[in-house]
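The next block holds one structure in the form of structure tokens; read it before the comments.
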Amino acid sequence: MGFRANPLSDPTDRPYLALGLEGSANKLGAGIIKHRVDGSTKILANIRHTYITPPGEGFLPRDTAQHHREWALEVIKSAIESANISMQDLDCICYTKGPGMGAPLQSVALVARTLSLLFNKPLVAVNHCVGHIEMGRAITRAQDPVVLYVSGGNTQVIAYSQQRYRIFGETLDIAVGNCLDRFARIINLSNDPSPGYNIEQEAKKGKRLVPLPYTTKGMDISLSGILTSVEAYTVDKRFRSSGTLDESEDDIITPADLCFSLQETVFAMLVEITERAMAHVVSGEVLIVGGVGCNERLQEMMRIMGKERDARVFATDERFCIDNGIMIAQAGLLSYRMGDQVPLSQSTCTQRYSSVSLFCESH
């Protein structure tokens, strides 16, 4: 097990530039990254626009794809201007192949193909999960971490061995971000800037830990039952949707209590299976990536575990945890420099695209 020293970190004869396009869910991102001659990496632009729906509603594939089509040119133009380069300066154009929502993926892939043809630039297809991991490693400089990948569509504990990512544990049903987002809709929290963020803020006001199922199953977890259980509290006679306390009542449950309880229970499960993976591969590093990874309470709980194991915990903020174009640019440019590019006729998308299927030579 282990990440080897990156063979691409050595000095090169010239710098490399890549444009990354991400649109697997409701975030449309364009990022431009530069690999310098001395082997270091510089972020030139990281522009993102989010499709936000009204409270209580999720985002549908068709509507999300339309959002991406409407905003693609503006987001890409902003990235190019922010980086102070031209399209001709790019070495390659990278796009998210999957996993993700079909229609949004196809919209962004179409934009990538069009730019490739217009400016005669090679295309690189990127695995969304690998993009998160490679960006996390680049930002934090984690060397050999066990990776906890937590987002709206994915929940996995991953390690790297023999030039492949290996999944040690994962959700058996819904992802942790999906669980949090769906509960936010149940209690009618805003989707701006994101339901998960608003759950986190609401949880800080919670004072009561209500019992919820703790469903670790070996190295895997199950979250659908927890969502059902916490939703059941919203029809309990003790529940007060307004969150206001009556002095005459001492046995009530508020939305903040439920957000607090949901976070504490689910995050404890995630920390447990991550610690098991660390023990199995004898690792002293944890890297948290994915949209839920910027949750400060999850980072805090992971650091408590890390301190007890004398391990280092790495995480990034919302610029790099939440879906973005720069992570696609980073993973794509690494692949490009190892000789990987995709012909236009094969520049497809797929909603299911496991990271374990990839041979990752650029570590």
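If you're wondering about the labels, chains in the structure tokens are A, B, ... by order shown, residues count from 1 in each chain, ligands from 1 in order shown.
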Could you give me, as JSON lines, every region 60-155 of chain A residue with an atom at most 6 Å from region 304-328 of chain A, plus its closest atom pair and distance in Å to one decimal, counting only C-alpha atoms, rows ordered by chain then number?
{"residue": "A:Gly131", "atom": "CA", "partner": "A:Met327", "partner_atom": "CA", "distance": 4.9}
{"residue": "A:His132", "atom": "CA", "partner": "A:Met327", "partner_atom": "CA", "distance": 5.9}
{"residue": "A:Met135", "atom": "CA", "partner": "A:Met327", "partner_atom": "CA", "distance": 5.0}
So that each row is one residue of region 150-241 of chain A with an atom at most 12 Å from region 265-284 of chain A, can you give its shortest atom pair and the distance in Å to one decimal, using only C-alpha atoms, rows by chain and rising number, as CSV?
residue,atom,partner,partner_atom,distance
A:Val150,CA,A:Leu270,CA,9.1
A:Thr155,CA,A:Leu270,CA,8.9
A:Gln156,CA,A:Leu270,CA,9.1
A:Val157,CA,A:Thr274,CA,6.3
A:Ile158,CA,A:Ala277,CA,8.3
A:Ala159,CA,A:Ala277,CA,8.2
A:Tyr160,CA,A:Val281,CA,9.9
A:Ser161,CA,A:Val281,CA,9.8
A:Arg166,CA,A:Ala277,CA,10.8
A:Ile167,CA,A:Ala277,CA,9.7
A:Phe168,CA,A:Ala277,CA,6.6
A:Gly169,CA,A:Ile273,CA,7.1
A:Glu170,CA,A:Ile273,CA,8.9
A:Thr171,CA,A:Leu270,CA,9.7
A:Ala175,CA,A:Val266,CA,10.8
A:Val176,CA,A:Val266,CA,7.7
A:Gly177,CA,A:Val266,CA,10.5
A:Cys179,CA,A:Val266,CA,9.5
A:Leu180,CA,A:Val266,CA,9.6
A:Glu200,CA,A:Phe267,CA,11.8
A:Leu209,CA,A:Thr265,CA,9.1
A:Val210,CA,A:Thr265,CA,9.6
A:Pro211,CA,A:Thr265,CA,8.8
A:Leu212,CA,A:Thr265,CA,7.1
A:Pro213,CA,A:Thr265,CA,8.0
A:Tyr214,CA,A:Thr265,CA,6.6
A:Thr215,CA,A:Met269,CA,7.5
A:Thr216,CA,A:Met269,CA,6.2
A:Lys217,CA,A:Ile273,CA,9.2
A:Gly218,CA,A:Ile273,CA,7.9
A:Met219,CA,A:Ile273,CA,5.4
A:Asp220,CA,A:Ile273,CA,7.1
A:Ile221,CA,A:Met269,CA,7.2
A:Ser222,CA,A:Val266,CA,9.4
A:Leu223,CA,A:Val266,CA,7.8
A:Ser224,CA,A:Val266,CA,11.1
A:Gly225,CA,A:Val266,CA,11.4
A:Ile226,CA,A:Val266,CA,8.3
A:Leu227,CA,A:Val266,CA,10.1
A:Ser229,CA,A:Thr265,CA,11.9
A:Val230,CA,A:Thr265,CA,10.8
Can I get the selected residues back with N, CA and C atoms, as a CSV table (one decimal), in the first residue's frame?
chain,number,residue,atom,x,y,z
A,150,VAL,N,-16.3,11.9,0.9
A,150,VAL,CA,-17.7,12.1,1.4
A,150,VAL,C,-18.3,13.3,0.6
A,155,THR,N,-19.7,8.0,-0.8
A,155,THR,CA,-19.2,7.8,0.6
A,155,THR,C,-18.3,6.6,0.5
A,156,GLN,N,-17.0,6.8,0.6
A,156,GLN,CA,-16.0,5.7,0.4
A,156,GLN,C,-14.8,6.0,1.3
A,157,VAL,N,-14.2,4.9,1.8
A,157,VAL,CA,-12.9,4.9,2.4
A,157,VAL,C,-11.9,4.3,1.4
A,158,ILE,N,-10.9,5.0,1.0
A,158,ILE,CA,-10.0,4.6,-0.1
A,158,ILE,C,-8.6,4.6,0.3
A,159,ALA,N,-7.8,3.7,-0.2
A,159,ALA,CA,-6.3,3.7,0.0
A,159,ALA,C,-5.7,3.4,-1.4
A,160,TYR,N,-4.5,3.7,-1.6
A,160,TYR,CA,-3.8,3.5,-2.9
A,160,TYR,C,-2.8,2.4,-2.7
A,161,SER,N,-2.8,1.4,-3.6
A,161,SER,CA,-1.9,0.3,-3.6
A,161,SER,C,-1.7,-0.2,-5.0
A,166,ARG,N,-8.0,1.6,-4.0
A,166,ARG,CA,-8.7,0.4,-3.4
A,166,ARG,C,-9.7,0.9,-2.4
A,167,ILE,N,-11.0,0.5,-2.6
A,167,ILE,CA,-12.0,0.9,-1.7
A,167,ILE,C,-12.1,-0.1,-0.5
A,168,PHE,N,-11.9,0.4,0.7
A,168,PHE,CA,-11.9,-0.4,1.9
A,168,PHE,C,-13.3,-0.5,2.5
A,169,GLY,N,-14.1,0.6,2.3
A,169,GLY,CA,-15.5,0.6,2.8
A,169,GLY,C,-16.3,1.7,2.1
A,170,GLU,N,-17.6,1.5,2.2
A,170,GLU,CA,-18.4,2.5,1.5
A,170,GLU,C,-19.8,2.4,2.0
A,171,THR,N,-20.7,3.3,1.6
A,171,THR,CA,-22.1,3.2,1.9
A,171,THR,C,-22.8,2.1,1.2
A,175,ALA,N,-25.5,8.1,-0.1
A,175,ALA,CA,-24.3,8.8,0.3
A,175,ALA,C,-24.6,9.8,1.5
A,176,VAL,N,-23.6,10.1,2.3
A,176,VAL,CA,-23.8,10.9,3.4
A,176,VAL,C,-24.3,12.3,3.1
A,177,GLY,N,-23.8,12.9,2.0
A,177,GLY,CA,-24.3,14.2,1.5
A,177,GLY,C,-25.7,14.1,1.1
A,179,CYS,N,-27.9,12.1,2.3
A,179,CYS,CA,-28.6,11.9,3.6
A,179,CYS,C,-28.9,13.3,4.2
A,180,LEU,N,-27.8,14.1,4.3
A,180,LEU,CA,-27.9,15.4,4.9
A,180,LEU,C,-28.8,16.3,4.1
A,200,GLU,N,-25.2,22.1,9.0
A,200,GLU,CA,-24.0,22.3,9.9
A,200,GLU,C,-24.2,23.5,10.8
A,209,LEU,N,-29.1,15.2,22.1
A,209,LEU,CA,-28.7,14.1,21.2
A,209,LEU,C,-29.8,13.0,21.3
A,210,VAL,N,-30.6,12.9,20.3
A,210,VAL,CA,-31.7,11.9,20.3
A,210,VAL,C,-31.1,10.6,19.7
A,211,PRO,N,-31.7,9.5,20.2
A,211,PRO,CA,-31.2,8.2,19.7
A,211,PRO,C,-31.5,8.0,18.2
A,212,LEU,N,-30.5,7.5,17.5
A,212,LEU,CA,-30.6,7.2,16.1
A,212,LEU,C,-29.8,5.9,15.9
A,213,PRO,N,-30.2,5.1,14.9
A,213,PRO,CA,-29.5,3.8,14.6
A,213,PRO,C,-28.0,4.1,14.3
A,214,TYR,N,-27.2,3.3,14.8
A,214,TYR,CA,-25.7,3.4,14.5
A,214,TYR,C,-25.4,2.2,13.7
A,215,THR,N,-25.3,2.4,12.3
A,215,THR,CA,-25.3,1.2,11.4
A,215,THR,C,-24.0,1.1,10.6
A,216,THR,N,-23.0,0.8,11.4
A,216,THR,CA,-21.7,0.3,10.7
A,216,THR,C,-21.9,-1.2,10.5
A,217,LYS,N,-21.5,-1.6,9.3
A,217,LYS,CA,-21.5,-3.1,9.0
A,217,LYS,C,-20.2,-3.5,8.5
A,218,GLY,N,-19.3,-3.9,9.4
A,218,GLY,CA,-17.9,-4.1,9.0
A,218,GLY,C,-17.2,-2.9,8.6
A,219,MET,N,-16.7,-2.8,7.4
A,219,MET,CA,-16.1,-1.6,6.9
A,219,MET,C,-17.1,-0.7,6.2
A,220,ASP,N,-18.3,-1.1,6.1
A,220,ASP,CA,-19.3,-0.3,5.3
A,220,ASP,C,-20.3,0.3,6.3
A,221,ILE,N,-21.1,1.2,5.8
A,221,ILE,CA,-22.2,1.9,6.6
A,221,ILE,C,-23.5,1.9,5.8
A,222,SER,N,-24.6,2.1,6.5
A,222,SER,CA,-25.9,2.2,5.9
A,222,SER,C,-26.5,3.5,6.5
A,223,LEU,N,-27.1,4.3,5.6
A,223,LEU,CA,-27.6,5.6,6.0
A,223,LEU,C,-29.1,5.8,5.8
A,224,SER,N,-29.7,5.0,4.9
A,224,SER,CA,-31.1,5.2,4.6
A,224,SER,C,-32.0,5.0,5.9
A,225,GLY,N,-31.7,4.0,6.7
A,225,GLY,CA,-32.5,3.8,7.9
A,225,GLY,C,-32.3,5.0,8.9
A,226,ILE,N,-31.1,5.5,9.0
A,226,ILE,CA,-30.9,6.7,9.9
A,226,ILE,C,-31.8,7.9,9.4
A,227,LEU,N,-31.8,8.1,8.1
A,227,LEU,CA,-32.7,9.2,7.5
A,227,LEU,C,-34.1,8.9,7.9
A,229,SER,N,-35.3,7.3,10.4
A,229,SER,CA,-35.5,7.5,11.8
A,229,SER,C,-35.5,8.9,12.3
A,230,VAL,N,-34.6,9.7,11.7
A,230,VAL,CA,-34.6,11.1,12.1
A,230,VAL,C,-35.8,11.8,11.5
Residues at most 10 Å from Thr64 (chain A), counting only C-alpha atoms, excluding those fewer than 4 positions away in the same chain, as a list in words?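 The residues satisfying every condition are Gly23, Ser24, Ala25, Asn26, Lys27, Leu28, Thr50, Tyr51, Ile52, Thr53, Phe59, Leu60, His68, Arg69, Glu70, Met101, Ala103, Pro104, Leu105 and Ser107 of chain A.
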Name the residues in contact with Glu57 (chain A) at a cut-off of 10 Å, using only C-alpha atoms, excluding same-chain residues fewer than 4 positions from it; report them as a compact mmCIF listing (two decimals) with N, CA, C and O atoms, in the first residue's frame.
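Result written to result-v2.txt:
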# COMPACT_ATOMS: atom_id res chain seq x y z
N ILE A 52 -29.08 26.56 -7.69
CA ILE A 52 -29.75 26.53 -6.39
C ILE A 52 -31.26 26.49 -6.59
O ILE A 52 -31.81 27.33 -7.31
N THR A 53 -31.90 25.54 -5.96
CA THR A 53 -33.35 25.38 -6.04
C THR A 53 -34.02 25.95 -4.79
O THR A 53 -33.35 26.18 -3.77
N ASP A 181 -28.64 16.29 2.77
CA ASP A 181 -29.44 17.15 1.89
C ASP A 181 -30.93 16.82 1.97
O ASP A 181 -31.79 17.72 2.00
N ARG A 182 -31.24 15.53 2.00
CA ARG A 182 -32.64 15.14 2.05
C ARG A 182 -33.29 15.53 3.37
O ARG A 182 -34.45 15.93 3.41
N ALA A 184 -32.37 18.12 5.13
CA ALA A 184 -32.53 19.57 5.05
C ALA A 184 -33.83 19.93 4.32
O ALA A 184 -34.52 20.88 4.69
N ARG A 185 -34.16 19.15 3.29
CA ARG A 185 -35.41 19.40 2.57
C ARG A 185 -36.62 19.07 3.45
O ARG A 185 -37.64 19.76 3.39
N ILE A 186 -36.50 18.02 4.26
CA ILE A 186 -37.61 17.62 5.14
C ILE A 186 -37.96 18.74 6.12
O ILE A 186 -39.14 19.01 6.39
N ASN A 188 -37.17 21.85 5.64
CA ASN A 188 -37.34 23.08 4.86
C ASN A 188 -36.21 24.09 5.04
O ASN A 188 -36.45 25.31 5.05
N LEU A 189 -34.98 23.60 5.15
CA LEU A 189 -33.84 24.50 5.20
C LEU A 189 -33.52 25.00 3.79
O LEU A 189 -33.81 24.35 2.79
N SER A 190 -32.88 26.14 3.72
CA SER A 190 -32.53 26.74 2.43
C SER A 190 -31.45 25.91 1.72
O SER A 190 -30.61 25.26 2.37
N ASN A 191 -31.46 25.96 0.40
CA ASN A 191 -30.42 25.33 -0.41
C ASN A 191 -29.28 26.30 -0.72
O ASN A 191 -28.37 25.95 -1.48
Residue with smallest distance to Ala45 (chain A) - pool A:Asn178, A:Thr114, A:Gln330, A:Ser335, counting only C-alpha atoms: A:Gln330
Do you have, as CSV, the list of residues of region 109-222 of chain A lying at most 8 Å from region 343-347 of chain A, each with its nearest atom pair and that distance in Å to one decimal, counting only C-alpha atoms and ordered by chain then number?
residue,atom,partner,partner_atom,distance
A:Ala109,CA,A:Ser347,CA,7.5
A:Arg113,CA,A:Leu344,CA,6.9
A:Pro122,CA,A:Pro343,CA,7.9
A:Leu123,CA,A:Pro343,CA,7.1
A:Ala125,CA,A:Ser347,CA,6.9
I need the chosen residues saved as a short mmCIF file (atom, residue, chain, number, x, y, z; two decimals), in the first residue's frame, with N, CA and C atoms.
data_model
loop_
_atom_site.label_atom_id
_atom_site.label_comp_id
_atom_site.auth_asym_id
_atom_site.auth_seq_id
_atom_site.Cartn_x
_atom_site.Cartn_y
_atom_site.Cartn_z
N ALA A 109 -19.49 17.77 -21.09
CA ALA A 109 -18.66 17.05 -22.06
C ALA A 109 -18.81 17.65 -23.45
N ARG A 113 -15.79 19.05 -25.74
CA ARG A 113 -15.53 18.60 -27.12
C ARG A 113 -15.49 19.79 -28.08
N PRO A 122 -6.01 18.60 -27.18
CA PRO A 122 -6.37 17.23 -26.80
C PRO A 122 -7.34 17.21 -25.62
N LEU A 123 -8.18 16.18 -25.58
CA LEU A 123 -9.14 15.98 -24.49
C LEU A 123 -8.63 14.95 -23.51
N ALA A 125 -10.27 12.69 -20.25
CA ALA A 125 -11.44 12.33 -19.44
C ALA A 125 -10.98 12.01 -18.02
#
Please return as a list of chain:residue names: the residues of region 200-293 of chain A that backbone DSSP assigns to strand (DSSP E or B).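 Taking region 200-293 of chain A and keeping strand (DSSP E or B) gives A:Thr216, A:Lys217, A:Asp220, A:Ile221, A:Phe239, A:Ile253, A:Glu285, A:Val286, A:Leu287, A:Ile288, A:Val289.
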Go ahead and write the selection's residues with N, CA and C atoms as an mmCIF file, in the first residue's frame.
data_model
loop_
_atom_site.group_PDB
_atom_site.id
_atom_site.type_symbol
_atom_site.label_atom_id
_atom_site.label_comp_id
_atom_site.auth_asym_id
_atom_site.auth_seq_id
_atom_site.Cartn_x
_atom_site.Cartn_y
_atom_site.Cartn_z
ATOM 1 N N THR A 216 -22.961 0.763 11.366
ATOM 2 C CA THR A 216 -21.748 0.310 10.696
ATOM 3 C C THR A 216 -21.882 -1.192 10.481
ATOM 4 N N LYS A 217 -21.465 -1.626 9.314
ATOM 5 C CA LYS A 217 -21.546 -3.053 8.976
ATOM 6 C C LYS A 217 -20.180 -3.480 8.458
ATOM 7 N N ASP A 220 -18.335 -1.120 6.063
ATOM 8 C CA ASP A 220 -19.350 -0.347 5.344
ATOM 9 C C ASP A 220 -20.328 0.301 6.321
ATOM 10 N N ILE A 221 -21.112 1.239 5.805
ATOM 11 C CA ILE A 221 -22.156 1.866 6.608
ATOM 12 C C ILE A 221 -23.456 1.900 5.812
ATOM 13 N N PHE A 239 -41.855 17.319 18.899
ATOM 14 C CA PHE A 239 -41.131 18.126 17.920
ATOM 15 C C PHE A 239 -41.761 19.510 17.772
ATOM 16 N N ILE A 253 -38.204 18.531 21.173
ATOM 17 C CA ILE A 253 -37.148 18.300 20.186
ATOM 18 C C ILE A 253 -37.255 19.377 19.121
ATOM 19 N N GLU A 285 -1.823 8.817 8.148
ATOM 20 C CA GLU A 285 -2.404 10.010 7.538
ATOM 21 C C GLU A 285 -3.841 9.747 7.100
ATOM 22 N N VAL A 286 -4.681 10.771 7.262
ATOM 23 C CA VAL A 286 -6.045 10.744 6.746
ATOM 24 C C VAL A 286 -6.258 11.995 5.913
ATOM 25 N N LEU A 287 -6.856 11.822 4.748
ATOM 26 C CA LEU A 287 -7.218 12.944 3.891
ATOM 27 C C LEU A 287 -8.729 12.915 3.673
ATOM 28 N N ILE A 288 -9.405 14.004 4.033
ATOM 29 C CA ILE A 288 -10.855 14.100 3.848
ATOM 30 C C ILE A 288 -11.127 14.926 2.597
ATOM 31 N N VAL A 289 -11.855 14.351 1.638
ATOM 32 C CA VAL A 289 -12.191 15.071 0.404
ATOM 33 C C VAL A 289 -13.684 14.940 0.122
#
List every residue of region 77-240 of chain A that DSSP, applied to the backbone of this structure, assigns to alpha helix (DSSP H), and report them as an MDAnalysis selection string. chainID A and resid 77:83 102:119 128:140 176:186 195:203 224:232
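Closest approach to Asp340 (chain A) among A:Val130, A:Met301, A:Ala256, A:Cys94: A:Cys94, based on only C-alpha atoms.
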Long-range neighbours of Ala18 (chain A) as a list of chain:residue names, 7 Å cut-off, only C-alpha atoms, 6 positions minimum in chain: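 Those residues are A:Ile32, A:Ile33, A:Lys34, A:Leu90, A:Asp91, A:Cys92, A:Ile93, A:Ala329, A:Leu333.
Ranking A:His35, A:Arg352, A:Lys77, A:Arg238 by their shortest atom-to-atom distance to Ile47 (chain A), with only C-alpha atoms included, puts A:Lys77 first.
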